[in-house]
Amino acid sequence: MYTTGKANWKRHAGSLLLGLLCTVGLMSEMGYAQAAIPVYGYFVKNTYPHDTQAFTQGLIFKDGHLYESTGQNGQSSLRKVELTTGKVLQRTMMDKQVFGEGITDVGDEIIGLTWTSQVGYVFDQKTFKLKRKFSYTGEGWGLASDHKYVYMSDGSAFIRVLDPKTLAEVRRVEVKAEGKPITRLNELEMVDGQLFANVWGADVIARIDPASGNVVGWIDLTGLLPADQRGTDNPDAVLNGIAWDARGKRLFVTGKLWPKLFEIELIRIEGR
């Protein structure tokens with residue numbers, strides 16, 4: 001672990017702003033960048049080890065530990081991870097035929113999705129014992145919860161809102177930025193009432209109002225871990241994984257197969 005101090009923010013500001021311009025260009029090309037929507041940069045507060053074999057699909061922080069789900073057929077797992085060392089403290093493997101996706105917690109349970117199997121898993125948080133399964137139509141990508149509802153992404157512009165007890169779909173909310181649908185929404189996390197969503201394939205996180213579906217902010221993570229520092233040429237080694245420590249007000253992000261997990265602080269980019 002190492003800490004990046006506030007003093008380093010000024011030193012890195014130029015490269016961050018350059019990266020921001022590149023990302024805004026990308027978002028504009030994708031139809032995402034809108035002058036009315038704030039853009040946030042970041043600085044790294046702490047860096048921690050991350051398992052380079054973890055094809056990260058879901059990430060949550062609870063009771064002092066990270067809980068992470070990984071994908072790939074035959075390799076999908078749910079794991080409890082020590083933050084400071086990246087050590088896997090507890091693990092359970094999912095059925096070999098499924099491709100694990102996002103997770104979230106509701107009470108003393110951890111809920112997980114699969115990509116195309118149309119089946120979800122409910123685990124006991126302490127024992128990782130499988131308690132039950134549930135079904136849904138279409139693909140499963142990301143999950144988050146505010147404990148009133150569970151929010152599910154499926155790669156489209158829609159977020160499914162589920163009942164936390166039955167996991168039945170209650171409604172759907174279309175995510176839009178200035179009226180334009182935003183697709184490829186992947187891993188989700190609820191952060192102080194906003195739904196944070198990785199945009200698959202981009203170093204960008206959307207901040208979403210879960211009630212209206214409106215994008216209320218963009219987070220530009222350009223340069224957080226450049227492709228040549230990810231230790232792999234796997235094109236799937238992209239940004240994916242958001243965890244929020246609600247008690248400590250800490251935001252963690254990582255990626256699939258990344259060697260590092262970052263604690264970051266968001267900074268509003270002036271003029272955006």
# chains A, B, ... in the order shown; residues from 1 in each chain; ligands from 1
call {"tool": "closest_atom_pairs", "arguments": {"of": "range 39-146 of chain A", "to": "range 223-246 of chain A", "cutoff": "7 Å", "atoms": "only C-alpha atoms", "output": "CSV"}}
result
residue,atom,partner,partner_atom,distance
A:Thr56,CA,A:Gly241,CA,6.4
A:Gln57,CA,A:Gly241,CA,6.5
A:Gly58,CA,A:Gly241,CA,5.8
A:Leu59,CA,A:Gly241,CA,5.3
A:Ile60,CA,A:Ala243,CA,4.6
A:Phe61,CA,A:Ala243,CA,5.6
call {"tool": "select_by_dssp", "arguments": {"residues": "range 72-249 of chain A", "states": "strand (DSSP E)", "output": "ChimeraX atom specification"}}
result
/A:77-81,88-93,100-106,109-114,119-124,130-135,143-145,150-153,158-162,169-174,176-177,180-181,185-191,194-199,204-208,215-220,239-245
call {"tool": "residues_around", "arguments": {"residues": "range 127-142 of chain A", "least_positions_apart": "6", "cutoff": "6 Å", "atoms": "only C-alpha atoms", "output": "list in words"}}
result
Glu101, Gly102, Leu113, Thr114, Trp115, Thr116, Gln118, Val119, Gly120, Tyr121, Met152, Ser153, Asp154, Asn186, Glu187 and Leu188 of chain A
call {"tool": "select_by_dssp", "arguments": {"residues": "range 14-143 of chain A", "states": "alpha helix (DSSP H)", "output": "list in words"}}
result
Gly14, Ser15, Leu16, Leu17, Leu18, Gly19, Leu20, Leu21, Cys22, Thr23, Val24, Gly25, Leu26, Met27, Ser28 and Glu29 of chain A
call {"tool": "write_last_selection", "arguments": {"atoms": "N, CA, C and O atoms", "output": "PDB file, in the first residue's frame"}}
result
ATOM      1  N   GLY A  14      -1.972  18.609 -14.603  1.00  0.00           N
ATOM      2  CA  GLY A  14      -1.867  18.785 -16.050  1.00  0.00           C
ATOM      3  C   GLY A  14      -2.184  17.523 -16.809  1.00  0.00           C
ATOM      4  O   GLY A  14      -2.955  17.535 -17.774  1.00  0.00           O
ATOM      5  N   SER A  15      -1.621  16.376 -16.361  1.00  0.00           N
ATOM      6  CA  SER A  15      -1.878  15.125 -17.062  1.00  0.00           C
ATOM      7  C   SER A  15      -3.323  14.696 -16.892  1.00  0.00           C
ATOM      8  O   SER A  15      -3.925  14.114 -17.795  1.00  0.00           O
ATOM      9  N   LEU A  16      -3.908  14.984 -15.732  1.00  0.00           N
ATOM     10  CA  LEU A  16      -5.307  14.631 -15.514  1.00  0.00           C
ATOM     11  C   LEU A  16      -6.207  15.415 -16.451  1.00  0.00           C
ATOM     12  O   LEU A  16      -7.125  14.865 -17.065  1.00  0.00           O
ATOM     13  N   LEU A  17      -5.935  16.722 -16.582  1.00  0.00           N
ATOM     14  CA  LEU A  17      -6.768  17.539 -17.451  1.00  0.00           C
ATOM     15  C   LEU A  17      -6.621  17.109 -18.906  1.00  0.00           C
ATOM     16  O   LEU A  17      -7.599  17.096 -19.660  1.00  0.00           O
ATOM     17  N   LEU A  18      -5.389  16.725 -19.299  1.00  0.00           N
ATOM     18  CA  LEU A  18      -5.199  16.229 -20.656  1.00  0.00           C
ATOM     19  C   LEU A  18      -6.012  14.958 -20.858  1.00  0.00           C
ATOM     20  O   LEU A  18      -6.679  14.775 -21.870  1.00  0.00           O
ATOM     21  N   GLY A  19      -5.958  14.098 -19.838  1.00  0.00           N
ATOM     22  CA  GLY A  19      -6.751  12.875 -19.915  1.00  0.00           C
ATOM     23  C   GLY A  19      -8.228  13.182 -19.963  1.00  0.00           C
ATOM     24  O   GLY A  19      -8.991  12.519 -20.649  1.00  0.00           O
ATOM     25  N   LEU A  20      -8.647  14.200 -19.223  1.00  0.00           N
ATOM     26  CA  LEU A  20     -10.047  14.586 -19.205  1.00  0.00           C
ATOM     27  C   LEU A  20     -10.508  14.999 -20.597  1.00  0.00           C
ATOM     28  O   LEU A  20     -11.579  14.608 -21.053  1.00  0.00           O
ATOM     29  N   LEU A  21      -9.666  15.790 -21.272  1.00  0.00           N
ATOM     30  CA  LEU A  21     -10.037  16.225 -22.616  1.00  0.00           C
ATOM     31  C   LEU A  21     -10.232  15.028 -23.532  1.00  0.00           C
ATOM     32  O   LEU A  21     -11.154  14.982 -24.343  1.00  0.00           O
ATOM     33  N   CYS A  22      -9.349  14.052 -23.406  1.00  0.00           N
ATOM     34  CA  CYS A  22      -9.471  12.838 -24.229  1.00  0.00           C
ATOM     35  C   CYS A  22     -10.759  12.103 -23.900  1.00  0.00           C
ATOM     36  O   CYS A  22     -11.477  11.645 -24.788  1.00  0.00           O
ATOM     37  N   THR A  23     -11.056  12.010 -22.590  1.00  0.00           N
ATOM     38  CA  THR A  23     -12.260  11.288 -22.187  1.00  0.00           C
ATOM     39  C   THR A  23     -13.510  12.035 -22.601  1.00  0.00           C
ATOM     40  O   THR A  23     -14.488  11.442 -23.054  1.00  0.00           O
ATOM     41  N   VAL A  24     -13.499  13.352 -22.448  1.00  0.00           N
ATOM     42  CA  VAL A  24     -14.661  14.131 -22.864  1.00  0.00           C
ATOM     43  C   VAL A  24     -14.883  13.953 -24.358  1.00  0.00           C
ATOM     44  O   VAL A  24     -16.016  13.851 -24.828  1.00  0.00           O
ATOM     45  N   GLY A  25     -13.771  13.889 -25.115  1.00  0.00           N
ATOM     46  CA  GLY A  25     -13.909  13.623 -26.544  1.00  0.00           C
ATOM     47  C   GLY A  25     -14.551  12.274 -26.792  1.00  0.00           C
ATOM     48  O   GLY A  25     -15.429  12.129 -27.643  1.00  0.00           O
ATOM     49  N   LEU A  26     -14.126  11.272 -26.022  1.00  0.00           N
ATOM     50  CA  LEU A  26     -14.718   9.945 -26.149  1.00  0.00           C
ATOM     51  C   LEU A  26     -16.184   9.984 -25.781  1.00  0.00           C
ATOM     52  O   LEU A  26     -17.037   9.442 -26.489  1.00  0.00           O
ATOM     53  N   MET A  27     -16.522  10.665 -24.675  1.00  0.00           N
ATOM     54  CA  MET A  27     -17.911  10.738 -24.239  1.00  0.00           C
ATOM     55  C   MET A  27     -18.757  11.489 -25.251  1.00  0.00           C
ATOM     56  O   MET A  27     -19.914  11.158 -25.481  1.00  0.00           O
ATOM     57  N   SER A  28     -18.164  12.519 -25.860  1.00  0.00           N
ATOM     58  CA  SER A  28     -18.894  13.264 -26.878  1.00  0.00           C
ATOM     59  C   SER A  28     -19.196  12.378 -28.072  1.00  0.00           C
ATOM     60  O   SER A  28     -20.298  12.380 -28.612  1.00  0.00           O
ATOM     61  N   GLU A  29     -18.178  11.581 -28.467  1.00  0.00           N
ATOM     62  CA  GLU A  29     -18.373  10.667 -29.592  1.00  0.00           C
ATOM     63  C   GLU A  29     -19.458   9.652 -29.284  1.00  0.00           C
ATOM     64  O   GLU A  29     -20.239   9.255 -30.139  1.00  0.00           O
TER      65      GLU A  29
END
call {"tool": "decode", "arguments": {"residues": "range 196-232 of chain A", "atoms": "N, CA, C and O atoms", "output": "compact mmCIF listing (two decimals), in the first residue's frame"}}
result
# COMPACT_ATOMS: atom_id res chain seq x y z
N PHE A 196 -23.73 4.74 -9.01
CA PHE A 196 -22.53 4.83 -9.82
C PHE A 196 -22.49 3.61 -10.75
O PHE A 196 -22.71 2.49 -10.29
N ALA A 197 -22.19 3.84 -12.02
CA ALA A 197 -22.17 2.75 -12.99
C ALA A 197 -20.95 2.84 -13.89
O ALA A 197 -20.72 3.87 -14.52
N ASN A 198 -20.17 1.76 -13.93
CA ASN A 198 -19.11 1.66 -14.93
C ASN A 198 -19.75 1.63 -16.32
O ASN A 198 -20.75 0.95 -16.53
N VAL A 199 -19.17 2.38 -17.25
CA VAL A 199 -19.56 2.26 -18.66
C VAL A 199 -18.57 1.29 -19.28
O VAL A 199 -17.38 1.61 -19.39
N TRP A 200 -19.04 0.12 -19.64
CA TRP A 200 -18.15 -0.95 -20.08
C TRP A 200 -17.29 -0.52 -21.27
O TRP A 200 -17.76 0.06 -22.24
N GLY A 201 -15.97 -0.77 -21.13
CA GLY A 201 -15.04 -0.48 -22.19
C GLY A 201 -14.47 0.93 -22.15
O GLY A 201 -13.65 1.28 -23.00
N ALA A 202 -14.89 1.75 -21.18
CA ALA A 202 -14.39 3.13 -21.09
C ALA A 202 -13.95 3.40 -19.66
O ALA A 202 -14.46 2.81 -18.71
N ASP A 203 -12.98 4.30 -19.49
CA ASP A 203 -12.52 4.69 -18.16
C ASP A 203 -13.43 5.77 -17.59
O ASP A 203 -12.97 6.85 -17.18
N VAL A 204 -14.71 5.47 -17.58
CA VAL A 204 -15.73 6.44 -17.22
C VAL A 204 -16.76 5.79 -16.30
O VAL A 204 -17.16 4.65 -16.50
N ILE A 205 -17.16 6.54 -15.27
CA ILE A 205 -18.25 6.11 -14.40
C ILE A 205 -19.36 7.16 -14.49
O ILE A 205 -19.09 8.36 -14.41
N ALA A 206 -20.58 6.71 -14.67
CA ALA A 206 -21.74 7.60 -14.69
C ALA A 206 -22.32 7.69 -13.28
O ALA A 206 -22.45 6.68 -12.59
N ARG A 207 -22.67 8.91 -12.88
CA ARG A 207 -23.38 9.13 -11.62
C ARG A 207 -24.85 9.35 -11.97
O ARG A 207 -25.19 10.28 -12.71
N ILE A 208 -25.72 8.49 -11.46
CA ILE A 208 -27.10 8.43 -11.91
C ILE A 208 -28.06 8.68 -10.76
O ILE A 208 -27.89 8.15 -9.66
N ASP A 209 -29.09 9.48 -11.03
CA ASP A 209 -30.21 9.62 -10.10
C ASP A 209 -31.08 8.38 -10.27
O ASP A 209 -31.68 8.19 -11.33
N PRO A 210 -31.15 7.50 -9.26
CA PRO A 210 -31.87 6.23 -9.44
C PRO A 210 -33.37 6.40 -9.63
O PRO A 210 -34.02 5.50 -10.17
N ALA A 211 -33.92 7.52 -9.21
CA ALA A 211 -35.37 7.72 -9.36
C ALA A 211 -35.73 8.10 -10.79
O ALA A 211 -36.68 7.57 -11.37
N SER A 212 -34.97 9.02 -11.37
CA SER A 212 -35.29 9.52 -12.72
C SER A 212 -34.51 8.84 -13.82
O SER A 212 -34.92 8.85 -14.98
N GLY A 213 -33.34 8.27 -13.47
CA GLY A 213 -32.45 7.70 -14.48
C GLY A 213 -31.54 8.73 -15.12
O GLY A 213 -30.71 8.37 -15.97
N ASN A 214 -31.64 9.98 -14.73
CA ASN A 214 -30.80 11.03 -15.32
C ASN A 214 -29.36 10.92 -14.85
O ASN A 214 -29.10 10.72 -13.65
N VAL A 215 -28.42 11.09 -15.79
CA VAL A 215 -27.01 11.17 -15.42
C VAL A 215 -26.76 12.55 -14.84
O VAL A 215 -27.02 13.56 -15.48
N VAL A 216 -26.25 12.59 -13.61
CA VAL A 216 -26.04 13.86 -12.93
C VAL A 216 -24.55 14.18 -12.78
O VAL A 216 -24.19 15.22 -12.23
N GLY A 217 -23.71 13.31 -13.28
CA GLY A 217 -22.27 13.56 -13.24
C GLY A 217 -21.52 12.48 -13.97
O GLY A 217 -22.00 11.35 -14.13
N TRP A 218 -20.33 12.85 -14.48
CA TRP A 218 -19.41 11.90 -15.10
C TRP A 218 -18.13 11.87 -14.30
O TRP A 218 -17.63 12.92 -13.87
N ILE A 219 -17.57 10.70 -14.08
CA ILE A 219 -16.28 10.56 -13.41
C ILE A 219 -15.27 10.08 -14.45
O ILE A 219 -15.42 9.00 -15.03
N ASP A 220 -14.25 10.90 -14.68
CA ASP A 220 -13.20 10.57 -15.65
C ASP A 220 -12.03 9.92 -14.92
O ASP A 220 -11.35 10.56 -14.12
N LEU A 221 -11.81 8.63 -15.19
CA LEU A 221 -10.72 7.90 -14.55
C LEU A 221 -9.58 7.63 -15.51
O LEU A 221 -8.80 6.69 -15.33
N THR A 222 -9.46 8.45 -16.53
CA THR A 222 -8.35 8.34 -17.47
C THR A 222 -7.02 8.36 -16.72
O THR A 222 -6.81 9.22 -15.86
N GLY A 223 -6.13 7.45 -17.03
CA GLY A 223 -4.80 7.43 -16.44
C GLY A 223 -4.70 6.76 -15.10
O GLY A 223 -3.61 6.67 -14.53
N LEU A 224 -5.82 6.27 -14.56
CA LEU A 224 -5.77 5.62 -13.25
C LEU A 224 -4.83 4.42 -13.28
O LEU A 224 -3.96 4.27 -12.42
N LEU A 225 -4.99 3.57 -14.27
CA LEU A 225 -4.05 2.47 -14.51
C LEU A 225 -3.98 2.26 -16.02
O LEU A 225 -4.81 1.55 -16.59
N PRO A 226 -3.01 2.90 -16.67
CA PRO A 226 -2.90 2.78 -18.13
C PRO A 226 -2.78 1.33 -18.57
O PRO A 226 -2.32 0.46 -17.82
N ALA A 227 -3.20 1.06 -19.80
CA ALA A 227 -3.21 -0.30 -20.33
C ALA A 227 -1.85 -0.98 -20.22
O ALA A 227 -1.77 -2.19 -19.96
N ASP A 228 -0.77 -0.22 -20.42
CA ASP A 228 0.56 -0.83 -20.38
C ASP A 228 1.05 -1.12 -18.97
O ASP A 228 2.14 -1.66 -18.78
N GLN A 229 0.23 -0.77 -17.96
CA GLN A 229 0.59 -1.08 -16.58
C GLN A 229 -0.33 -2.13 -15.96
O GLN A 229 -0.25 -2.39 -14.75
N ARG A 230 -1.18 -2.70 -16.78
CA ARG A 230 -2.14 -3.68 -16.26
C ARG A 230 -1.58 -5.10 -16.23
O ARG A 230 -2.23 -6.02 -15.72
N GLY A 231 -0.39 -5.28 -16.77
CA GLY A 231 0.28 -6.57 -16.68
C GLY A 231 -0.28 -7.64 -17.58
O GLY A 231 0.03 -8.82 -17.42
N THR A 232 -1.11 -7.25 -18.53
CA THR A 232 -1.72 -8.22 -19.44
C THR A 232 -2.12 -7.51 -20.72
O THR A 232 -2.40 -6.30 -20.70
